[in-house]
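One file, coords_16.cif, is given below (mmCIF, C-alpha atoms).
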```cif
data_final
loop_
_atom_site.group_PDB
_atom_site.id
_atom_site.type_symbol
_atom_site.label_atom_id
_atom_site.label_comp_id
_atom_site.auth_asym_id
_atom_site.auth_seq_id
_atom_site.Cartn_x
_atom_site.Cartn_y
_atom_site.Cartn_z
ATOM 1 C CA MET A 15 6.949 4.175 -11.420
ATOM 2 C CA GLU A 16 8.299 4.625 -14.903
ATOM 3 C CA LYS A 17 9.150 8.281 -15.425
ATOM 4 C CA LEU A 18 6.184 9.884 -17.119
ATOM 5 C CA ASN A 19 6.750 12.303 -19.948
ATOM 6 C CA LYS A 20 5.126 15.286 -18.243
ATOM 7 C CA GLU A 21 4.288 18.603 -19.764
ATOM 8 C CA ILE A 22 4.628 21.323 -17.136
ATOM 9 C CA THR A 23 3.041 24.763 -17.335
ATOM 10 C CA LYS A 24 3.760 27.395 -14.699
ATOM 11 C CA VAL A 25 1.541 30.435 -14.403
ATOM 12 C CA GLN A 26 3.007 33.366 -12.511
ATOM 13 C CA ASP A 27 0.682 35.208 -10.170
ATOM 14 C CA ASP A 28 1.499 38.528 -8.471
ATOM 15 C CA PHE A 29 -0.265 37.570 -5.255
ATOM 16 C CA LEU A 30 1.540 34.238 -4.979
ATOM 17 C CA GLN A 31 4.897 35.815 -5.847
ATOM 18 C CA ASN A 32 4.434 38.437 -3.111
ATOM 19 C CA THR A 33 3.099 35.935 -0.571
ATOM 20 C CA ALA A 34 5.126 32.768 -1.017
ATOM 21 C CA GLU A 35 8.490 32.485 0.664
ATOM 22 C CA ASP A 36 9.380 29.318 -1.236
ATOM 23 C CA ASN A 37 9.886 29.535 -5.012
ATOM 24 C CA SER A 38 8.043 26.239 -5.456
ATOM 25 C CA ASP A 39 4.883 27.918 -4.144
ATOM 26 C CA ASN A 40 5.017 31.254 -5.989
ATOM 27 C CA HIS A 41 3.145 30.107 -9.095
ATOM 28 C CA ILE A 42 0.279 27.954 -10.246
ATOM 29 C CA GLU A 43 1.566 24.724 -11.748
ATOM 30 C CA ILE A 44 -0.204 22.410 -14.159
ATOM 31 C CA GLN A 45 1.332 19.023 -14.989
ATOM 32 C CA ALA A 46 -0.094 16.850 -17.754
ATOM 33 C CA CYS A 47 0.826 13.371 -18.977
ATOM 34 C CA ASN A 48 -0.593 10.354 -20.766
ATOM 35 C CA ASP A 49 -1.017 6.970 -19.098
ATOM 36 C CA THR A 50 -3.558 4.165 -18.723
ATOM 37 C CA LEU A 51 -6.573 4.236 -16.457
ATOM 38 C CA GLY A 52 -5.262 1.109 -14.722
ATOM 39 C CA ASN A 53 -2.022 2.862 -13.787
ATOM 40 C CA VAL A 54 -4.010 5.780 -12.389
ATOM 41 C CA MET A 55 -6.041 3.418 -10.217
ATOM 42 C CA ARG A 56 -2.904 1.615 -9.021
ATOM 43 C CA TRP A 57 -1.286 4.967 -8.164
ATOM 44 C CA MET A 58 -4.383 6.045 -6.238
ATOM 45 C CA ALA A 59 -4.210 2.837 -4.187
ATOM 46 C CA ALA A 60 -0.458 2.929 -3.462
ATOM 47 C CA PHE A 61 1.188 4.787 -0.592
ATOM 48 C CA ASP A 62 4.624 4.803 -2.230
ATOM 49 C CA GLU A 63 6.529 3.815 -5.331
ATOM 50 C CA ASP A 64 7.386 0.341 -4.033
ATOM 51 C CA GLU A 65 3.717 -0.516 -3.569
ATOM 52 C CA TYR A 66 2.886 0.851 -7.000
ATOM 53 C CA GLU A 67 5.680 -1.063 -8.730
ATOM 54 C CA ASN A 68 5.608 -4.343 -6.815
ATOM 55 C CA LYS A 69 2.355 -4.879 -4.935
ATOM 56 C CA ILE A 70 -0.701 -3.121 -6.374
ATOM 57 C CA THR A 71 -2.435 -4.985 -9.209
ATOM 58 C CA LYS A 72 -5.771 -4.920 -10.995
ATOM 59 C CA GLU A 73 -6.853 -7.799 -8.793
ATOM 60 C CA ASN A 74 -6.077 -6.099 -5.455
ATOM 61 C CA TYR A 75 -6.088 -2.310 -5.975
ATOM 62 C CA ARG A 76 -9.579 -1.802 -4.526
ATOM 63 C CA SER A 77 -8.802 -3.527 -1.240
ATOM 64 C CA TYR A 78 -5.017 -3.567 -0.864
ATOM 65 C CA HIS A 79 -5.085 -1.446 2.306
ATOM 66 C CA ALA A 80 -8.440 -2.724 3.584
ATOM 67 C CA ASN A 81 -6.816 -4.364 6.624
ATOM 68 C CA GLU A 82 -5.580 -0.937 7.732
ATOM 69 C CA ASN A 83 -9.008 0.676 7.171
ATOM 70 C CA MET A 84 -7.520 2.581 4.237
ATOM 71 C CA ASN A 85 -9.169 1.034 1.216
ATOM 72 C CA LEU A 86 -10.033 3.230 -1.758
ATOM 73 C CA SER A 87 -13.557 3.942 -0.563
ATOM 74 C CA ILE A 88 -12.277 5.423 2.675
ATOM 75 C CA ARG A 89 -9.288 7.205 1.126
ATOM 76 C CA TYR A 90 -11.085 8.906 -1.744
ATOM 77 C CA GLU A 91 -14.822 9.058 -1.154
ATOM 78 C CA HIS A 92 -14.698 12.359 0.701
ATOM 79 C CA ALA A 93 -11.850 13.760 -1.405
ATOM 80 C CA LEU A 94 -13.603 13.437 -4.747
ATOM 81 C CA ILE A 95 -14.556 16.683 -6.386
ATOM 82 C CA ASN A 96 -18.142 15.910 -7.178
ATOM 83 C CA GLY A 97 -18.715 18.514 -9.865
ATOM 84 C CA SER A 98 -16.599 17.115 -12.634
ATOM 85 C CA GLY A 99 -16.417 14.205 -15.015
ATOM 86 C CA ILE A 100 -18.890 11.785 -16.494
ATOM 87 C CA LEU A 101 -18.494 9.460 -13.491
ATOM 88 C CA THR A 102 -19.664 12.104 -11.021
ATOM 89 C CA TYR A 103 -23.092 12.718 -12.496
ATOM 90 C CA PHE A 104 -26.286 12.807 -10.413
ATOM 91 C CA GLY A 105 -29.631 11.754 -11.859
ATOM 92 C CA SER A 106 -32.709 13.538 -10.587
ATOM 93 C CA LYS A 107 -36.438 13.195 -10.874
ATOM 94 C CA ASN A 108 -38.914 15.871 -9.825
ATOM 95 C CA GLY A 109 -36.125 17.862 -8.195
ATOM 96 C CA ARG A 110 -35.020 14.914 -6.032
ATOM 97 C CA LEU A 111 -31.741 13.101 -6.381
ATOM 98 C CA GLU A 112 -32.536 9.572 -7.455
ATOM 99 C CA CYS A 113 -29.283 7.972 -8.560
ATOM 100 C CA LYS A 114 -25.678 8.357 -9.602
ATOM 101 C CA HIS A 115 -24.524 7.371 -13.070
ATOM 102 C CA GLY A 116 -21.596 5.306 -14.240
ATOM 103 C CA TYR A 117 -20.846 3.457 -17.470
ATOM 104 C CA ASN A 118 -20.497 -0.221 -18.279
ATOM 105 C CA ALA A 119 -17.941 -1.921 -20.527
ATOM 106 C CA GLN A 120 -19.985 -1.049 -23.635
ATOM 107 C CA GLY A 121 -20.146 2.641 -22.708
ATOM 108 C CA GLU A 122 -23.828 2.536 -21.778
ATOM 109 C CA PRO A 123 -25.016 4.488 -18.716
ATOM 110 C CA VAL A 124 -25.627 2.501 -15.537
ATOM 111 C CA ALA A 125 -27.726 3.862 -12.684
ATOM 112 C CA TYR A 126 -26.340 3.339 -9.161
ATOM 113 C CA PRO A 127 -28.193 3.907 -5.876
ATOM 114 C CA ILE A 128 -27.644 7.448 -4.607
ATOM 115 C CA THR A 129 -25.754 6.032 -1.606
ATOM 116 C CA THR A 130 -23.079 4.416 -3.808
ATOM 117 C CA PRO A 131 -19.644 5.915 -3.087
ATOM 118 C CA PHE A 132 -18.252 7.665 -6.168
ATOM 119 C CA ILE A 133 -15.027 5.701 -5.897
ATOM 120 C CA ASP A 134 -16.991 2.464 -6.373
ATOM 121 C CA ILE A 135 -18.438 3.854 -9.614
ATOM 122 C CA VAL A 136 -14.947 4.917 -10.708
ATOM 123 C CA CYS A 137 -13.517 1.473 -9.858
ATOM 124 C CA ASP A 138 -16.318 -0.356 -11.699
ATOM 125 C CA TYR A 139 -15.549 1.772 -14.755
ATOM 126 C CA ALA A 140 -11.805 1.198 -14.359
ATOM 127 C CA ASN A 141 -12.269 -2.577 -14.199
ATOM 128 C CA ASN A 142 -13.915 -2.420 -17.625
ATOM 129 C CA HIS A 143 -11.487 0.122 -19.114
ATOM 130 C CA TRP A 144 -8.207 -0.755 -17.363
ATOM 131 C CA ASP A 145 -5.982 -0.419 -20.424
ATOM 132 C CA ASP A 146 -7.702 2.641 -21.912
ATOM 133 C CA GLU A 147 -5.433 5.605 -22.532
ATOM 134 C CA VAL A 148 -6.085 8.621 -20.355
ATOM 135 C CA ARG A 149 -4.737 12.145 -20.040
ATOM 136 C CA VAL A 150 -4.001 13.058 -16.426
ATOM 137 C CA ILE A 151 -3.803 16.714 -15.436
ATOM 138 C CA SER A 152 -2.656 17.850 -11.977
ATOM 139 C CA TYR A 153 -3.389 21.396 -10.801
ATOM 140 C CA TYR A 154 -1.435 22.955 -7.935
ATOM 141 C CA SER A 155 -2.387 26.428 -6.763
ATOM 142 C CA GLY A 156 0.755 27.322 -4.848
ATOM 143 C CA CYS A 157 1.318 28.076 -1.154
ATOM 144 C CA GLN A 158 0.456 24.436 -0.387
ATOM 145 C CA GLY A 159 -2.977 25.031 -1.891
ATOM 146 C CA LEU A 160 -5.378 22.609 -3.478
ATOM 147 C CA LEU A 161 -3.916 19.931 -5.685
ATOM 148 C CA ALA A 162 -6.664 18.472 -7.841
ATOM 149 C CA ILE A 163 -6.177 15.788 -10.440
ATOM 150 C CA THR A 164 -8.537 15.270 -13.358
ATOM 151 C CA VAL A 165 -8.484 12.116 -15.474
ATOM 152 C CA PHE A 166 -9.649 12.461 -19.093
ATOM 153 C CA ASP A 167 -10.490 9.595 -21.445
ATOM 154 C CA LYS A 168 -8.404 10.096 -24.593
ATOM 155 C CA ASN A 169 -10.840 8.177 -26.831
ATOM 156 C CA THR A 170 -14.076 9.902 -25.828
ATOM 157 C CA LYS A 171 -12.299 13.188 -24.994
ATOM 158 C CA GLN A 172 -14.314 13.539 -21.779
ATOM 159 C CA ALA A 173 -13.304 14.127 -18.192
ATOM 160 C CA LEU A 174 -13.900 10.899 -16.265
ATOM 161 C CA PHE A 175 -13.414 12.096 -12.686
ATOM 162 C CA SER A 176 -11.422 14.395 -10.424
ATOM 163 C CA PHE A 177 -10.013 13.895 -6.960
ATOM 164 C CA GLY A 178 -7.924 15.724 -4.391
ATOM 165 C CA SER A 179 -4.335 14.668 -3.786
ATOM 166 C CA LEU A 180 -1.227 15.625 -1.832
ATOM 167 C CA GLU A 181 1.077 15.212 -4.830
ATOM 168 C CA HIS A 182 1.115 15.528 -8.598
ATOM 169 C CA TYR A 183 0.197 12.371 -10.473
ATOM 170 C CA GLY A 184 3.169 10.020 -10.662
ATOM 171 C CA GLU A 185 4.961 11.515 -7.667
ATOM 172 C CA TYR A 186 5.150 10.412 -4.053
ATOM 173 C CA ARG A 187 5.470 12.852 -1.189
ATOM 174 C CA SER A 188 7.560 10.380 0.797
ATOM 175 C CA ILE A 189 10.301 10.278 -1.838
#
```
Rendering of file as structure tokens:
Amino acid sequence: MEKLNKEITKVQDDFLQNTAEDNSDNHIEIQACNDTLGNVMRWMAAFDEDEYENKITKENYRSYHANENMNLSIRYEHALINGSGILTYFGSKNGRLECKHGYNAQGEPVAYPITTPFIDIVCDYANNHWDDEVRVISYYSGCQGLLAITVFDKNTKQALFSFGSLEHYGEYRSI
């Protein structure tokens, strides 16, 4: 992966400083960078940098690991943080959940059945907006705490979706 120009903010916290033995865990870290939505989707599908650089494409990112039962739906459906972004919106009627909402290539809302995995809605959106510029922000809470990544659309200035991860965007734990 091409080195991303990341902006890094570290927030010191007394509790973390007094608790963490490792200096890398004694603060809250926020990393932000600009990229394309397509690169985000390829990174989500790849296990390592070699896959990202040489194997994952727009044509295969949704099912690249399907033979190993590790396609995107299985990897991310239960890790998505459902309370954020325009692609994680529930529609309701009379107090009952009726559908989930996504957006088509023209930016118009599309209703999906309530059983649709969020990652499928995200992928449908990504297929239509592959080259759109996004702002990716990774949040790490220290002490091996939650690492959440939120993807923002730079044109509409809205959060698209968030998901849980083991590493900051653009990094690979195995390297």
Subject >> Output of the PyMOL selection byres ((chain A and resi 60-72) around 12), listed as a PyMOL selection string >> reply: chain A and resi 15-17+51-59+73-79+84-86+89+137-138+140-145+179-181+183-189
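We find atom CA of Thr102 of chain A and atom CA of Asp146 of chain A to be spaced 18.7 Å apart.
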Subject >> Interatomic distance (Å, one decimal) between atom CA of Phe104 of chain A and atom CA of Tyr117 of chain A >> reply: 12.9 Å
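The smallest atom-to-atom distance between Thr170 of chain A and any of A:Val148, A:Ala125, A:Ala80, A:Cys47, using all atoms listed in the file, is found for A:Val148.
With all atoms listed in the file as the atoms that count, the minimum distance from Asn37 of chain A to the choices A:Thr129, A:Gln172, A:Gln158, A:Thr23 is reached by A:Gln158.
Atom CA of Tyr154 of chain A lies 19.5 Å from atom CA of Asp49 of chain A.
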